[in-house]
Amino acid sequence: MSQQPDKYTPRSILITGAAGFIASHVTNRLIRNYPDYRIVALDKLDYCSSLKNLIPARSSPNFKFVKGDIASADLVNHLLVAEDIDTIMHFAAQTHVDNSFGNSFEFTNNNIYGTHVLLEACKVTRQIYRFIHVSTDEVYGETDVYADVGNHEASQLLPTNPYSATKAGAEMLVMAYRQSYGLPTITTRGNNVYGPNQFPEKLIPKLILLAMRGQPLPIHGDGSNVRSYLYCEDVAEAFEMILHHGALGHVYNIVIKFVENRPFNDKRYFLDDQKLKNLGWQETTQWEEGLKRTIDWYTKNPDWWGDVSGALIPHPRMTTTGLGCDDACLAEFLSTASLTSEGEKEGLKFLIYGRTGWIGGLLGELCNKGGIHFEYGRGRLEDRKAIAEDIRRVKPTHVFNAAGVTGRPNVDWCESHKPETIRANVVGTLTLADVCKGNELLMINFATGCIFEYDKEHPEGSGIGFKEEDKPNFIGSFYSKTKAMVEELLREYDNVCTPPSPDAYLI
Ligand SMILES: NC(=O)c1ccc[n+]([C@@H]2O[C@H](COP(=O)([O-])OP(=O)(O)OC[C@H]3O[C@@H](n4cnc5c(N)ncnc54)[C@H](O)[C@@H]3O)[C@@H](O)[C@H]2O)c1
């Protein structure tokens, strides 16, 4: 019998890792079923993701894609506020166990630190009513070979590899933020999932693609391991159910039906899913049917990720570059997305600083898409002669400054690297402004919102925001000090325009 708590209705959902396997099915499903929900899909487009996974959602007016990293606190904070997010479904993670034996720091950075950034942003912005944290059955470790009941949600977490350890670590943070700050969290722990859109380093798509190539099919171990698999659409339905009816503070196992007479002397992950069943969810796709659909899909889409031969070897160690969504794919996605470039392009020539940065890179992509000629600056901002040379060479109509020190991996870095921070953020920016003025050029300077904090005139929750002409009042970090200082000094330059903090790139 189902015991559903009252229905929760989200308004604006941030889905992290949305261009990956499971989250793309969840995103497409929610977009299809709930035109009133706004969905913001955030993904850094790692090697295992594809924007093609989101094709069914991309032209819906209630859908936005944002390319970005959950580990970027500036981006995440900005998105929560600017997109008025009230719900987070957090799928983004490094997910391939084999890779975690190689570069496990990537797993710590993305799975633990990334989750921490999200949680902290929820704490600071105080506008999240539901945070669904997607974990895995692997956090339980291997089930005792003699166990004949599955792990229930309160079972001990005993991860056995770096991947599951980072997933368990992220869960601990989620739990702590719930206890310490009352964050409205729900955690899910799922079985293995299979179906279309899954990157072929994972077992089922790998076996299908190898079989299609007539190659041998490698299985880890001696073949006695038992794993449960759920079809992706059933899992997406489970997330739909948990989103609307999951009880806050609870953990839900998402698991295939218990099969009687399983050989119980096999190595396995074995879960109890009664809680989720109580909400009314049940797996509906039989293994044979799900497998048939998956094989059909891979047969029709053998080149979904381009050349994946590197992922088909028995123990692939994919790097975070080299595969994934290429520029052509991104451009194709952008060309049908709602961001259009309007206005006169003839005669425009942009000189952009900050090529390796996030905003600088995006500006280049937007120029490409909008047919605007541009070049990246070669000189360092604090090098007056080099900037003058750039201007002579490029002959720009506009100069964009998206260069600056923002900290590696976050603004705390600036506290211990003050000379570098001043050189780039203050001296560099002012030098560029000055050289542009001398050449009668308009300079667009990308600033930050991190120079303001609530005060008497702008109390928290009042809805009264800071205007462009307001004086910076937050100098709590060295980073914000330099940005506030340079913004003041830039007022002396009438050729400089500072748009409001464009911390995110929205489609
Ligand atoms: N696939 C399974 O069988 C399975 C089972 C149980 C739980 N899970 C969990 O479900 C979630 C999704 O798994 P999946 O199989 O769809 O994974 P996936 O590898 O297909 O997708 C992960 C996505 O996250 C993105 N990503 C990674 N790090 C990011 C970051 N720092 N910022 C922004 N985006 C980032 C990647 O680009 C990718 O699109 C994961 O949290 C995983 O641990 C998966």
# chains A, B, ... in the order shown; residues from 1 in each chain; ligands from 1
$ residues_near_ligand --ligand "ligand 1" --cutoff "8 Å" --atoms "only C-alpha atoms and all ligand atoms" --output "ChimeraX atom specification"
/A:16-24,42-50,67-71,90-96,109-111,114,133-138,167,189-194,197-199,202,229
$ residues_around --residues "range 388-393 of chain A" --least-positions-apart "5" --cutoff "8 Å" --atoms "only C-alpha atoms" --output "list in words"
Leu351, Gly377, Arg378, Gly379 and Val435 of chain A
$ atom_distance --atom1 "CA of Arg58 in chain A" --atom2 "CA of His25 in chain A"
12.9 Å
$ atom_distance --atom1 "CA of Pro218 in chain A" --atom2 "CA of Glu289 in chain A"
23.1 Å
$ atom_distance --atom1 "CA of Tyr353 in chain A" --atom2 "CA of Glu487 in chain A"
17.4 Å
$ closest_residue --among "A:Leu381, A:Leu207, A:Ile444, A:Leu14" --to "Ile219 in chain A" --atoms "only C-alpha atoms"
A:Leu207
$ select_by_dssp --residues "range 50-280 of chain A" --states "strand (DSSP E)" --output "VMD selection string"
chain A and resid 63 to 67 87 to 90 130 to 136 185 to 190 192 to 194 229 to 231 251 to 254
$ write_last_selection --atoms "C-alpha atoms" --output "CSV table (one decimal), in the first residue's frame"
chain,number,residue,atom,x,y,z
A,63,PHE,CA,14.5,24.4,-20.2
A,64,LYS,CA,17.9,26.0,-19.9
A,65,PHE,CA,21.3,24.5,-20.2
A,66,VAL,CA,24.3,25.9,-18.4
A,67,LYS,CA,27.8,24.6,-19.0
A,87,THR,CA,14.8,22.5,-5.8
A,88,ILE,CA,18.1,20.7,-6.5
A,89,MET,CA,18.5,17.2,-8.0
A,90,HIS,CA,22.2,16.5,-7.7
A,130,ARG,CA,14.3,20.1,-1.5
A,131,PHE,CA,17.8,18.8,-2.2
A,132,ILE,CA,17.8,15.4,-3.7
A,133,HIS,CA,21.2,13.8,-3.4
A,134,VAL,CA,21.9,11.0,-5.8
A,135,SER,CA,24.1,8.3,-4.2
A,136,THR,CA,24.7,4.7,-5.0
A,185,THR,CA,17.6,16.8,2.0
A,186,ILE,CA,16.6,13.4,0.6
A,187,THR,CA,19.3,10.8,-0.4
A,188,THR,CA,18.8,8.0,-2.9
A,189,ARG,CA,21.0,4.9,-3.3
A,190,GLY,CA,20.5,3.2,-6.5
A,192,ASN,CA,23.2,-0.2,-11.5
A,193,VAL,CA,21.2,1.5,-14.2
A,194,TYR,CA,21.3,0.6,-17.9
A,229,TYR,CA,20.2,-3.7,-13.0
A,230,LEU,CA,17.4,-1.2,-13.4
A,231,TYR,CA,16.2,0.2,-16.7
A,251,VAL,CA,17.2,7.8,2.4
A,252,TYR,CA,15.6,5.7,-0.4
A,253,ASN,CA,17.1,2.7,-2.0
A,254,ILE,CA,16.2,2.4,-5.7
$ closest_residue --among "A:Met443, A:Cys414, A:Val486, A:Val139" --to "Val427 in chain A" --atoms "only C-alpha atoms"
A:Val486
$ residues_around --residues "Ile112 in chain A" --least-positions-apart "2" --cutoff "10 Å" --atoms "only C-alpha atoms" --output "list of chain:residue names"
A:Ala71, A:Ala93, A:Phe105, A:Glu106, A:Phe107, A:Thr108, A:Asn109, A:Asn110, A:Gly114, A:Thr115, A:His116, A:Val117, A:Ala165, A:Thr166, A:Lys167, A:Ala168, A:Gly169, A:Ala170, A:Glu171, A:Met172, A:Leu173, A:Val174
$ select_by_dssp --residues "range 402-447 of chain A" --states "alpha helix (DSSP H)" --output "PyMOL selection string"
chain A and resi 412-416+418-422+429-438
$ closest_residue --among "A:Val40, A:Met175, A:Leu348, A:Ala402" --to "Gly361 in chain A" --atoms "only C-alpha atoms"
A:Ala402
$ decode --residues "range 101-250 of chain A" --atoms "C-alpha atoms" --output "PDB file, in the first residue's frame"
ATOM      1  CA  PHE A 101      41.627   3.490  -9.097  1.00  0.00           C
ATOM      2  CA  GLY A 102      43.722   5.800 -11.294  1.00  0.00           C
ATOM      3  CA  ASN A 103      43.052   9.452 -10.567  1.00  0.00           C
ATOM      4  CA  SER A 104      41.040   9.316  -7.373  1.00  0.00           C
ATOM      5  CA  PHE A 105      41.581  13.015  -6.641  1.00  0.00           C
ATOM      6  CA  GLU A 106      39.223  13.781  -9.547  1.00  0.00           C
ATOM      7  CA  PHE A 107      36.607  11.804  -7.638  1.00  0.00           C
ATOM      8  CA  THR A 108      37.239  13.676  -4.411  1.00  0.00           C
ATOM      9  CA  ASN A 109      37.109  17.033  -6.204  1.00  0.00           C
ATOM     10  CA  ASN A 110      33.925  16.394  -8.118  1.00  0.00           C
ATOM     11  CA  ASN A 111      32.004  14.103  -5.801  1.00  0.00           C
ATOM     12  CA  ILE A 112      32.905  15.445  -2.377  1.00  0.00           C
ATOM     13  CA  TYR A 113      34.116  18.999  -2.916  1.00  0.00           C
ATOM     14  CA  GLY A 114      31.504  19.616  -5.653  1.00  0.00           C
ATOM     15  CA  THR A 115      28.718  18.403  -3.377  1.00  0.00           C
ATOM     16  CA  HIS A 116      30.089  20.542  -0.565  1.00  0.00           C
ATOM     17  CA  VAL A 117      29.960  23.641  -2.765  1.00  0.00           C
ATOM     18  CA  LEU A 118      26.329  22.924  -3.642  1.00  0.00           C
ATOM     19  CA  LEU A 119      25.401  22.406  -0.002  1.00  0.00           C
ATOM     20  CA  GLU A 120      27.151  25.581   1.075  1.00  0.00           C
ATOM     21  CA  ALA A 121      25.344  27.527  -1.663  1.00  0.00           C
ATOM     22  CA  CYS A 122      22.040  26.156  -0.337  1.00  0.00           C
ATOM     23  CA  LYS A 123      22.997  27.208   3.165  1.00  0.00           C
ATOM     24  CA  VAL A 124      23.932  30.722   2.107  1.00  0.00           C
ATOM     25  CA  THR A 125      21.024  31.408  -0.254  1.00  0.00           C
ATOM     26  CA  ARG A 126      18.390  29.809   2.025  1.00  0.00           C
ATOM     27  CA  GLN A 127      15.891  29.266  -0.762  1.00  0.00           C
ATOM     28  CA  ILE A 128      16.047  25.510  -1.335  1.00  0.00           C
ATOM     29  CA  TYR A 129      13.026  23.478  -0.277  1.00  0.00           C
ATOM     30  CA  ARG A 130      14.265  20.123  -1.495  1.00  0.00           C
ATOM     31  CA  PHE A 131      17.768  18.840  -2.187  1.00  0.00           C
ATOM     32  CA  ILE A 132      17.776  15.356  -3.690  1.00  0.00           C
ATOM     33  CA  HIS A 133      21.206  13.849  -3.386  1.00  0.00           C
ATOM     34  CA  VAL A 134      21.860  10.969  -5.760  1.00  0.00           C
ATOM     35  CA  SER A 135      24.081   8.334  -4.235  1.00  0.00           C
ATOM     36  CA  THR A 136      24.675   4.700  -5.025  1.00  0.00           C
ATOM     37  CA  ASP A 137      24.184   1.234  -3.553  1.00  0.00           C
ATOM     38  CA  GLU A 138      27.960   0.882  -3.695  1.00  0.00           C
ATOM     39  CA  VAL A 139      28.265   2.908  -0.476  1.00  0.00           C
ATOM     40  CA  TYR A 140      27.100  -0.221   1.410  1.00  0.00           C
ATOM     41  CA  GLY A 141      30.065  -2.181   0.125  1.00  0.00           C
ATOM     42  CA  GLU A 142      29.620  -5.793  -0.792  1.00  0.00           C
ATOM     43  CA  THR A 143      26.795  -7.648   0.891  1.00  0.00           C
ATOM     44  CA  ASP A 144      27.776 -10.444   3.220  1.00  0.00           C
ATOM     45  CA  VAL A 145      27.803 -13.576   1.101  1.00  0.00           C
ATOM     46  CA  TYR A 146      25.454 -15.309   3.569  1.00  0.00           C
ATOM     47  CA  ALA A 147      22.993 -12.423   3.903  1.00  0.00           C
ATOM     48  CA  ASP A 148      19.455 -13.243   2.871  1.00  0.00           C
ATOM     49  CA  VAL A 149      17.958  -9.822   3.572  1.00  0.00           C
ATOM     50  CA  GLY A 150      19.009  -6.765   1.633  1.00  0.00           C
ATOM     51  CA  ASN A 151      20.744  -3.679   2.978  1.00  0.00           C
ATOM     52  CA  HIS A 152      18.116  -1.293   4.307  1.00  0.00           C
ATOM     53  CA  GLU A 153      18.578   2.434   4.342  1.00  0.00           C
ATOM     54  CA  ALA A 154      20.066   2.553   7.856  1.00  0.00           C
ATOM     55  CA  SER A 155      22.720  -0.078   7.110  1.00  0.00           C
ATOM     56  CA  GLN A 156      26.324   0.838   7.746  1.00  0.00           C
ATOM     57  CA  LEU A 157      28.230   2.416   4.862  1.00  0.00           C
ATOM     58  CA  LEU A 158      31.311   0.336   4.073  1.00  0.00           C
ATOM     59  CA  PRO A 159      32.631   1.537   0.715  1.00  0.00           C
ATOM     60  CA  THR A 160      35.274  -0.623  -0.902  1.00  0.00           C
ATOM     61  CA  ASN A 161      36.713   1.542  -3.704  1.00  0.00           C
ATOM     62  CA  PRO A 162      37.628   5.227  -4.119  1.00  0.00           C
ATOM     63  CA  TYR A 163      34.474   5.926  -6.156  1.00  0.00           C
ATOM     64  CA  SER A 164      32.107   4.582  -3.497  1.00  0.00           C
ATOM     65  CA  ALA A 165      34.205   6.179  -0.751  1.00  0.00           C
ATOM     66  CA  THR A 166      33.732   9.612  -2.314  1.00  0.00           C
ATOM     67  CA  LYS A 167      30.011   8.952  -2.738  1.00  0.00           C
ATOM     68  CA  ALA A 168      29.814   7.953   0.930  1.00  0.00           C
ATOM     69  CA  GLY A 169      31.833  11.061   1.865  1.00  0.00           C
ATOM     70  CA  ALA A 170      29.391  13.259  -0.045  1.00  0.00           C
ATOM     71  CA  GLU A 171      26.518  11.574   1.784  1.00  0.00           C
ATOM     72  CA  MET A 172      28.134  12.405   5.119  1.00  0.00           C
ATOM     73  CA  LEU A 173      28.283  16.073   4.153  1.00  0.00           C
ATOM     74  CA  VAL A 174      24.639  15.992   3.083  1.00  0.00           C
ATOM     75  CA  MET A 175      23.730  14.451   6.421  1.00  0.00           C
ATOM     76  CA  ALA A 176      25.784  17.028   8.315  1.00  0.00           C
ATOM     77  CA  TYR A 177      24.188  19.960   6.470  1.00  0.00           C
ATOM     78  CA  ARG A 178      20.783  18.556   7.303  1.00  0.00           C
ATOM     79  CA  GLN A 179      21.668  18.297  10.999  1.00  0.00           C
ATOM     80  CA  SER A 180      23.609  21.541  11.286  1.00  0.00           C
ATOM     81  CA  TYR A 181      21.574  23.848   9.057  1.00  0.00           C
ATOM     82  CA  GLY A 182      18.256  22.086   8.599  1.00  0.00           C
ATOM     83  CA  LEU A 183      18.799  21.613   4.870  1.00  0.00           C
ATOM     84  CA  PRO A 184      15.789  19.762   3.400  1.00  0.00           C
ATOM     85  CA  THR A 185      17.626  16.783   1.967  1.00  0.00           C
ATOM     86  CA  ILE A 186      16.640  13.403   0.576  1.00  0.00           C
ATOM     87  CA  THR A 187      19.264  10.825  -0.412  1.00  0.00           C
ATOM     88  CA  THR A 188      18.829   8.017  -2.924  1.00  0.00           C
ATOM     89  CA  ARG A 189      20.989   4.921  -3.250  1.00  0.00           C
ATOM     90  CA  GLY A 190      20.472   3.161  -6.541  1.00  0.00           C
ATOM     91  CA  ASN A 191      21.356  -0.126  -8.160  1.00  0.00           C
ATOM     92  CA  ASN A 192      23.194  -0.185 -11.455  1.00  0.00           C
ATOM     93  CA  VAL A 193      21.236   1.460 -14.226  1.00  0.00           C
ATOM     94  CA  TYR A 194      21.289   0.619 -17.932  1.00  0.00           C
ATOM     95  CA  GLY A 195      19.683   1.917 -21.099  1.00  0.00           C
ATOM     96  CA  PRO A 196      20.218   4.477 -23.885  1.00  0.00           C
ATOM     97  CA  ASN A 197      22.550   7.476 -23.339  1.00  0.00           C
ATOM     98  CA  GLN A 198      25.036   5.584 -21.150  1.00  0.00           C
ATOM     99  CA  PHE A 199      28.702   6.136 -21.944  1.00  0.00           C
ATOM    100  CA  PRO A 200      30.189   2.871 -23.245  1.00  0.00           C
ATOM    101  CA  GLU A 201      32.805   2.493 -20.516  1.00  0.00           C
ATOM    102  CA  LYS A 202      29.982   0.938 -18.434  1.00  0.00           C
ATOM    103  CA  LEU A 203      29.318  -2.787 -18.702  1.00  0.00           C
ATOM    104  CA  ILE A 204      26.107  -3.121 -20.699  1.00  0.00           C
ATOM    105  CA  PRO A 205      26.757  -0.597 -23.487  1.00  0.00           C
ATOM    106  CA  LYS A 206      30.338  -1.833 -23.652  1.00  0.00           C
ATOM    107  CA  LEU A 207      29.219  -5.434 -24.195  1.00  0.00           C
ATOM    108  CA  ILE A 208      26.660  -4.353 -26.793  1.00  0.00           C
ATOM    109  CA  LEU A 209      29.180  -2.298 -28.773  1.00  0.00           C
ATOM    110  CA  LEU A 210      31.839  -5.030 -28.547  1.00  0.00           C
ATOM    111  CA  ALA A 211      29.300  -7.634 -29.703  1.00  0.00           C
ATOM    112  CA  MET A 212      28.370  -5.359 -32.613  1.00  0.00           C
ATOM    113  CA  ARG A 213      32.076  -5.315 -33.554  1.00  0.00           C
ATOM    114  CA  GLY A 214      32.321  -9.094 -33.214  1.00  0.00           C
ATOM    115  CA  GLN A 215      34.895  -8.784 -30.403  1.00  0.00           C
ATOM    116  CA  PRO A 216      35.284 -10.879 -27.199  1.00  0.00           C
ATOM    117  CA  LEU A 217      33.184  -9.740 -24.216  1.00  0.00           C
ATOM    118  CA  PRO A 218      35.279  -9.139 -21.066  1.00  0.00           C
ATOM    119  CA  ILE A 219      33.710  -9.689 -17.622  1.00  0.00           C
ATOM    120  CA  HIS A 220      35.451  -8.608 -14.401  1.00  0.00           C
ATOM    121  CA  GLY A 221      36.376 -11.411 -11.988  1.00  0.00           C
ATOM    122  CA  ASP A 222      35.406 -15.041 -12.387  1.00  0.00           C
ATOM    123  CA  GLY A 223      31.857 -14.384 -13.558  1.00  0.00           C
ATOM    124  CA  SER A 224      30.254 -15.255 -10.233  1.00  0.00           C
ATOM    125  CA  ASN A 225      29.494 -11.666  -9.193  1.00  0.00           C
ATOM    126  CA  VAL A 226      25.830 -10.757  -9.067  1.00  0.00           C
ATOM    127  CA  ARG A 227      24.633  -7.250  -9.848  1.00  0.00           C
ATOM    128  CA  SER A 228      21.103  -5.910 -10.105  1.00  0.00           C
ATOM    129  CA  TYR A 229      20.234  -3.654 -13.036  1.00  0.00           C
ATOM    130  CA  LEU A 230      17.398  -1.203 -13.436  1.00  0.00           C
ATOM    131  CA  TYR A 231      16.191   0.242 -16.712  1.00  0.00           C
ATOM    132  CA  CYS A 232      16.787   4.014 -16.973  1.00  0.00           C
ATOM    133  CA  GLU A 233      13.128   4.949 -17.524  1.00  0.00           C
ATOM    134  CA  ASP A 234      12.111   3.110 -14.351  1.00  0.00           C
ATOM    135  CA  VAL A 235      14.820   4.968 -12.467  1.00  0.00           C
ATOM    136  CA  ALA A 236      13.692   8.300 -13.925  1.00  0.00           C
ATOM    137  CA  GLU A 237      10.187   7.471 -12.722  1.00  0.00           C
ATOM    138  CA  ALA A 238      11.546   6.684  -9.253  1.00  0.00           C
ATOM    139  CA  PHE A 239      13.176  10.133  -9.161  1.00  0.00           C
ATOM    140  CA  GLU A 240       9.905  11.716 -10.295  1.00  0.00           C
ATOM    141  CA  MET A 241       8.203   9.932  -7.401  1.00  0.00           C
ATOM    142  CA  ILE A 242      10.849  10.917  -4.846  1.00  0.00           C
ATOM    143  CA  LEU A 243      10.801  14.534  -6.053  1.00  0.00           C
ATOM    144  CA  HIS A 244       7.088  14.811  -5.374  1.00  0.00           C
ATOM    145  CA  HIS A 245       6.522  12.411  -2.495  1.00  0.00           C
ATOM    146  CA  GLY A 246       9.872  11.622  -0.856  1.00  0.00           C
ATOM    147  CA  ALA A 247      10.002  12.451   2.855  1.00  0.00           C
ATOM    148  CA  LEU A 248      12.658  14.971   3.861  1.00  0.00           C
ATOM    149  CA  GLY A 249      15.580  13.563   5.791  1.00  0.00           C
ATOM    150  CA  HIS A 250      15.022  10.075   4.415  1.00  0.00           C
TER     151      HIS A 250
END
